[in-house]
Amino acid sequence: MDRLMAKVVCRNLYKRYGDQLAVDNVNLEVGEGEFLVIVGPSGCGKTTTLRMIAGLESISSGEVLIADQVVNNVEPRHRDIAMVFQNYALYPHKKVYDNIAYPLQLRRVPKAEIRERVLDTSRLLGIEPLLERRIRQLSGGERQRVALGRAIIRQPRLFLMDEPLSNLDAQLRIQMRREIIHLQRQLAITTVYVTHDQVEAMTMGDRIVVMRGGLVQQIGEPMTIYNHPANRFVARFIGSPPMNLFDGMLENRGGRLVVRTAFAEYLLPADVQARLTGVHLAGGATPVVCGVRAEDLTIDLTDNPAGNYPQGVVDLVEPLGSDVFVSVKFGAEMLLARAAPELPVREMQKVHLKPNLAKMHFFDPKTEQNLTWK
Ligand SMILES: Nc1ncnc2c1ncn2[C@@H]1O[C@H](COP(=O)(O)OP(=O)(O)OP(=O)(O)O)[C@@H](O)[C@H]1O
Ligand SMILES: [Mg+2]
């Protein structure tokens, strides 16, 4: 199976449209057999990056390497890649069989071999009973499987997918997401997958590339990015609900760091303080943006809990079944906490909110960089 795996490298990759930079110095590496997800909001340059890897878009400057070979001037059809797009691009009037067989028919593979490979591929995807149907007689999920079948039948050395699930309903998306993960693991084809959906990125990627405005914000394994977001944007973009952010001041009080906000004061544990090497306490205090995830906030319903935790008013209770989201208001500030569904909390109730200080993040208000994990 070695043949199937190819490493991909993007080196100082730029794409300019007039004076707009759609892709701004992207550097990334996809390992052999790796599943890499590029994620980011609309217009951040995901598709453009993918299309430059595919050879469907010219490169303004920089290099794309596939299996250690610079392919900038290699035609798409000679790059040995397969692509799946959002709109599948299937032939609606043709049979499923012929849609899947098409890439092999183009290459004049003998008929008997085509038949064998179409059957193998359709078995793998569970669409063997559909081979004689026409595309227009299929559901969205079935079409999606046919598009995947057409892409993998050639056994390309690189698989590129651009939002392949976005046409499907929520339930089918989850199912197809799992099927793609299994398929990719089974075939071990190096894959670059583009999505704006952070849940897809988290669940599918061996590693994730977060982009914004043409720039790579962070590259890493899903849980690394979740636990150690490089900056404020990544902290809000990865994870649902987004991380709570609020202004604070870090103050040095006799060698101990205290974070003071509009509604509370927290003495930072020594190990957290030791990590904050990027903070310079000019004049004894420095402004920061504090971040804490909903699951790192504990709601305390007792009247006088130990510790000096602020009391707020419950603004909204949103039960999800498995857990409940509770919005708590502290003056002008609103924090969202995740709690167990059985917590007897009601709107308008006064509660104390206890952050896990070991998991609190501090961002530089100007550069937006995370100061916590330097
Ligand atoms: N042919 C083009 N001419 C001019 N500008 C373009 C062209 N194609 C894309 N752009 C611009 O380049 C930027 C990146 O576009 P791209 O399609 O890569 O975004 P994307 O991350 O895939 O977004 P989406 O999630 O909406 O698909 C956008 O600002 C877009 O308007
Ligand atoms: Mg796109």
# chains A, B, ... in the order shown; residues from 1 in each chain; ligands from 1
call {"tool": "residues_near_ligand", "arguments": {"ligand": "ligand 1", "cutoff": "12 Å", "atoms": "only C-alpha atoms and all ligand atoms", "output": "PyMOL selection string"}}
result
chain A and resi 14-24+38-52+56-58+85-86+161-164+166+193-198+209-216
call {"tool": "residues_around", "arguments": {"residues": "Phe363 of chain A", "least_positions_apart": "3", "cutoff": "9 Å", "atoms": "only C-alpha atoms", "output": "ChimeraX atom specification"}}
result
/A:231-232,288-291,366-372
call {"tool": "write_last_selection", "arguments": {"atoms": "N, CA and C atoms", "output": "mmCIF file, in the first residue's frame"}}
result
data_model
loop_
_atom_site.group_PDB
_atom_site.id
_atom_site.type_symbol
_atom_site.label_atom_id
_atom_site.label_comp_id
_atom_site.auth_asym_id
_atom_site.auth_seq_id
_atom_site.Cartn_x
_atom_site.Cartn_y
_atom_site.Cartn_z
ATOM 1 N N ASN A 231 -4.249 31.744 20.176
ATOM 2 C CA ASN A 231 -4.691 33.138 20.304
ATOM 3 C C ASN A 231 -6.197 33.189 20.551
ATOM 4 N N ARG A 232 -6.658 34.399 20.719
ATOM 5 C CA ARG A 232 -8.042 34.644 21.068
ATOM 6 C C ARG A 232 -9.015 34.130 20.001
ATOM 7 N N VAL A 288 -5.247 42.267 30.552
ATOM 8 C CA VAL A 288 -5.322 41.013 29.805
ATOM 9 C C VAL A 288 -6.784 40.748 29.439
ATOM 10 N N VAL A 289 -6.963 39.840 28.481
ATOM 11 C CA VAL A 289 -8.298 39.300 28.244
ATOM 12 C C VAL A 289 -8.292 37.901 28.843
ATOM 13 N N CYS A 290 -9.203 37.646 29.774
ATOM 14 C CA CYS A 290 -9.262 36.350 30.433
ATOM 15 C C CYS A 290 -10.199 35.441 29.643
ATOM 16 N N GLY A 291 -9.855 34.153 29.593
ATOM 17 C CA GLY A 291 -10.705 33.191 28.892
ATOM 18 C C GLY A 291 -10.927 31.955 29.741
ATOM 19 N N LYS A 366 -3.693 43.388 22.861
ATOM 20 C CA LYS A 366 -3.271 43.970 21.576
ATOM 21 C C LYS A 366 -2.945 42.895 20.547
ATOM 22 N N THR A 367 -2.026 41.995 20.872
ATOM 23 C CA THR A 367 -1.600 40.988 19.888
ATOM 24 C C THR A 367 -2.584 39.816 19.831
ATOM 25 N N GLU A 368 -3.435 39.677 20.828
ATOM 26 C CA GLU A 368 -4.407 38.590 20.947
ATOM 27 C C GLU A 368 -3.754 37.225 21.169
ATOM 28 N N GLN A 369 -2.444 37.195 21.360
ATOM 29 C CA GLN A 369 -1.751 35.919 21.590
ATOM 30 C C GLN A 369 -2.066 35.384 22.986
ATOM 31 N N ASN A 370 -2.066 34.071 23.095
ATOM 32 C CA ASN A 370 -2.288 33.433 24.393
ATOM 33 C C ASN A 370 -0.994 33.515 25.207
ATOM 34 N N LEU A 371 -1.068 34.133 26.380
ATOM 35 C CA LEU A 371 0.123 34.308 27.216
ATOM 36 C C LEU A 371 0.305 33.142 28.171
ATOM 37 N N THR A 372 -0.669 32.245 28.184
ATOM 38 C CA THR A 372 -0.719 31.220 29.224
ATOM 39 C C THR A 372 0.175 30.031 28.944
#
call {"tool": "atom_distance", "arguments": {"atom1": "atom CA of Gly126 of chain A", "atom2": "atom CA of Asn167 of chain A"}}
result
19.9 Å
call {"tool": "residues_around", "arguments": {"residues": "Asn73 of chain A", "least_positions_apart": "2", "cutoff": "12 Å", "atoms": "only C-alpha atoms", "output": "PDB file with C-alpha atoms, in the first residue's frame"}}
result
ATOM      1  CA  MET A  52      -3.428  25.188  -5.268  1.00  0.00           C
ATOM      2  CA  ILE A  53      -2.476  21.768  -3.891  1.00  0.00           C
ATOM      3  CA  ALA A  54      -4.694  20.206  -6.557  1.00  0.00           C
ATOM      4  CA  GLY A  55      -3.245  22.371  -9.315  1.00  0.00           C
ATOM      5  CA  LEU A  56      -6.623  23.888 -10.162  1.00  0.00           C
ATOM      6  CA  GLU A  57      -5.471  27.354  -9.101  1.00  0.00           C
ATOM      7  CA  SER A  58      -2.212  29.020 -10.080  1.00  0.00           C
ATOM      8  CA  ILE A  59       0.253  29.773  -7.285  1.00  0.00           C
ATOM      9  CA  GLY A  62       5.722  29.593  -2.919  1.00  0.00           C
ATOM     10  CA  GLU A  63       5.798  25.871  -3.569  1.00  0.00           C
ATOM     11  CA  VAL A  64       3.616  22.806  -3.339  1.00  0.00           C
ATOM     12  CA  LEU A  65       5.416  19.488  -2.977  1.00  0.00           C
ATOM     13  CA  ILE A  66       3.801  16.079  -3.318  1.00  0.00           C
ATOM     14  CA  GLN A  69       8.528  16.660  -5.736  1.00  0.00           C
ATOM     15  CA  VAL A  70       7.716  20.301  -6.499  1.00  0.00           C
ATOM     16  CA  VAL A  71       4.484  20.133  -8.482  1.00  0.00           C
ATOM     17  CA  GLU A  75      -0.846  19.426 -14.505  1.00  0.00           C
ATOM     18  CA  PRO A  76      -3.650  18.433 -12.093  1.00  0.00           C
ATOM     19  CA  ARG A  77      -4.253  15.140 -13.901  1.00  0.00           C
ATOM     20  CA  HIS A  78      -0.598  14.193 -13.434  1.00  0.00           C
ATOM     21  CA  ARG A  79      -0.600  14.838  -9.676  1.00  0.00           C
TER      22      ARG A  79
END
call {"tool": "residues_around", "arguments": {"residues": "segment 265-269 of chain A", "least_positions_apart": "4", "cutoff": "9 Å", "atoms": "only C-alpha atoms", "output": "PDB file with C-alpha atoms, in the first residue's frame"}}
result
ATOM      1  CA  ARG A 256       1.775  36.648  43.860  1.00  0.00           C
ATOM      2  CA  LEU A 257      -0.306  37.278  40.770  1.00  0.00           C
ATOM      3  CA  VAL A 258      -3.900  38.316  41.182  1.00  0.00           C
ATOM      4  CA  VAL A 259      -6.332  38.724  38.320  1.00  0.00           C
ATOM      5  CA  ARG A 260      -8.895  41.422  38.912  1.00  0.00           C
ATOM      6  CA  THR A 261     -12.025  41.679  36.751  1.00  0.00           C
ATOM      7  CA  GLN A 273       1.776  31.939  37.644  1.00  0.00           C
ATOM      8  CA  ALA A 274       4.936  30.054  36.702  1.00  0.00           C
ATOM      9  CA  ASN A 308     -14.130  34.336  47.489  1.00  0.00           C
ATOM     10  CA  TYR A 309     -16.233  33.604  44.411  1.00  0.00           C
ATOM     11  CA  PRO A 310     -18.511  36.195  42.856  1.00  0.00           C
ATOM     12  CA  LEU A 357      -8.030  28.716  37.614  1.00  0.00           C
ATOM     13  CA  ALA A 358      -5.597  26.076  36.356  1.00  0.00           C
TER      14      ALA A 358
END
call {"tool": "closest_atom_pairs", "arguments": {"of": "segment 262-289 of chain A", "to": "segment 330-339 of chain A", "cutoff": "10 Å", "atoms": "only C-alpha atoms", "output": "CSV"}}
result
residue,atom,partner,partner_atom,distance
A:Ala262,CA,A:Glu333,CA,8.1
A:Phe263,CA,A:Phe330,CA,6.3
A:Ala264,CA,A:Phe330,CA,9.3
call {"tool": "write_last_selection", "arguments": {"atoms": "C-alpha atoms", "output": "compact mmCIF listing (two decimals), in the first residue's frame"}}
result
# COMPACT_ATOMS: atom_id res chain seq x y z
CA ALA A 262 -15.13 43.84 36.90
CA PHE A 263 -16.83 41.19 39.02
CA ALA A 264 -14.15 39.20 40.83
call {"tool": "decode", "arguments": {"residues": "segment 312-333 of chain A", "atoms": "N, CA and C atoms", "output": "PDB file, in the first residue's frame"}}
result
ATOM      1  N   GLY A 312     -23.580  35.878  40.920  1.00  0.00           N
ATOM      2  CA  GLY A 312     -24.267  36.478  39.784  1.00  0.00           C
ATOM      3  C   GLY A 312     -25.709  35.994  39.739  1.00  0.00           C
ATOM      4  N   VAL A 313     -26.418  36.414  38.701  1.00  0.00           N
ATOM      5  CA  VAL A 313     -27.821  36.042  38.561  1.00  0.00           C
ATOM      6  C   VAL A 313     -27.986  35.196  37.303  1.00  0.00           C
ATOM      7  N   VAL A 314     -28.680  34.072  37.441  1.00  0.00           N
ATOM      8  CA  VAL A 314     -28.895  33.205  36.278  1.00  0.00           C
ATOM      9  C   VAL A 314     -29.823  33.910  35.295  1.00  0.00           C
ATOM     10  N   ASP A 315     -29.332  34.050  34.073  1.00  0.00           N
ATOM     11  CA  ASP A 315     -30.079  34.771  33.052  1.00  0.00           C
ATOM     12  C   ASP A 315     -30.867  33.809  32.165  1.00  0.00           C
ATOM     13  N   LEU A 316     -30.236  32.652  31.874  1.00  0.00           N
ATOM     14  CA  LEU A 316     -30.885  31.715  30.966  1.00  0.00           C
ATOM     15  C   LEU A 316     -30.426  30.293  31.290  1.00  0.00           C
ATOM     16  N   VAL A 317     -31.368  29.338  31.245  1.00  0.00           N
ATOM     17  CA  VAL A 317     -31.039  27.925  31.441  1.00  0.00           C
ATOM     18  C   VAL A 317     -31.403  27.191  30.156  1.00  0.00           C
ATOM     19  N   GLU A 318     -30.413  26.561  29.539  1.00  0.00           N
ATOM     20  CA  GLU A 318     -30.656  25.861  28.267  1.00  0.00           C
ATOM     21  C   GLU A 318     -30.335  24.376  28.424  1.00  0.00           C
ATOM     22  N   PRO A 319     -31.361  23.526  28.655  1.00  0.00           N
ATOM     23  CA  PRO A 319     -31.093  22.095  28.808  1.00  0.00           C
ATOM     24  C   PRO A 319     -30.850  21.430  27.460  1.00  0.00           C
ATOM     25  N   LEU A 320     -29.785  20.618  27.397  1.00  0.00           N
ATOM     26  CA  LEU A 320     -29.482  19.912  26.152  1.00  0.00           C
ATOM     27  C   LEU A 320     -29.729  18.413  26.307  1.00  0.00           C
ATOM     28  N   GLY A 321     -30.208  18.004  27.468  1.00  0.00           N
ATOM     29  CA  GLY A 321     -30.377  16.578  27.707  1.00  0.00           C
ATOM     30  C   GLY A 321     -29.169  16.024  28.434  1.00  0.00           C
ATOM     31  N   SER A 322     -28.033  15.963  27.739  1.00  0.00           N
ATOM     32  CA  SER A 322     -26.829  15.396  28.348  1.00  0.00           C
ATOM     33  C   SER A 322     -26.226  16.370  29.354  1.00  0.00           C
ATOM     34  N   ASP A 323     -26.375  17.655  29.109  1.00  0.00           N
ATOM     35  CA  ASP A 323     -25.938  18.662  30.072  1.00  0.00           C
ATOM     36  C   ASP A 323     -26.785  19.918  29.884  1.00  0.00           C
ATOM     37  N   VAL A 324     -26.479  20.922  30.697  1.00  0.00           N
ATOM     38  CA  VAL A 324     -27.289  22.133  30.624  1.00  0.00           C
ATOM     39  C   VAL A 324     -26.351  23.336  30.563  1.00  0.00           C
ATOM     40  N   PHE A 325     -26.677  24.295  29.699  1.00  0.00           N
ATOM     41  CA  PHE A 325     -25.903  25.530  29.624  1.00  0.00           C
ATOM     42  C   PHE A 325     -26.607  26.586  30.469  1.00  0.00           C
ATOM     43  N   VAL A 326     -25.842  27.208  31.347  1.00  0.00           N
ATOM     44  CA  VAL A 326     -26.411  28.210  32.246  1.00  0.00           C
ATOM     45  C   VAL A 326     -25.678  29.532  32.034  1.00  0.00           C
ATOM     46  N   SER A 327     -26.421  30.564  31.608  1.00  0.00           N
ATOM     47  CA  SER A 327     -25.822  31.895  31.449  1.00  0.00           C
ATOM     48  C   SER A 327     -25.991  32.650  32.751  1.00  0.00           C
ATOM     49  N   VAL A 328     -24.884  33.155  33.271  1.00  0.00           N
ATOM     50  CA  VAL A 328     -24.922  33.875  34.544  1.00  0.00           C
ATOM     51  C   VAL A 328     -24.437  35.297  34.320  1.00  0.00           C
ATOM     52  N   LYS A 329     -25.224  36.228  34.828  1.00  0.00           N
ATOM     53  CA  LYS A 329     -24.925  37.638  34.601  1.00  0.00           C
ATOM     54  C   LYS A 329     -24.232  38.253  35.814  1.00  0.00           C
ATOM     55  N   PHE A 330     -23.113  38.931  35.535  1.00  0.00           N
ATOM     56  CA  PHE A 330     -22.408  39.693  36.577  1.00  0.00           C
ATOM     57  C   PHE A 330     -22.372  41.136  36.097  1.00  0.00           C
ATOM     58  N   GLY A 331     -23.316  41.935  36.476  1.00  0.00           N
ATOM     59  CA  GLY A 331     -23.372  43.305  35.970  1.00  0.00           C
ATOM     60  C   GLY A 331     -23.493  43.285  34.464  1.00  0.00           C
ATOM     61  N   ALA A 332     -22.514  43.885  33.793  1.00  0.00           N
ATOM     62  CA  ALA A 332     -22.573  43.964  32.337  1.00  0.00           C
ATOM     63  C   ALA A 332     -22.015  42.708  31.673  1.00  0.00           C
ATOM     64  N   GLU A 333     -21.397  41.823  32.466  1.00  0.00           N
ATOM     65  CA  GLU A 333     -20.712  40.662  31.909  1.00  0.00           C
ATOM     66  C   GLU A 333     -21.604  39.429  31.989  1.00  0.00           C
TER      67      GLU A 333
END
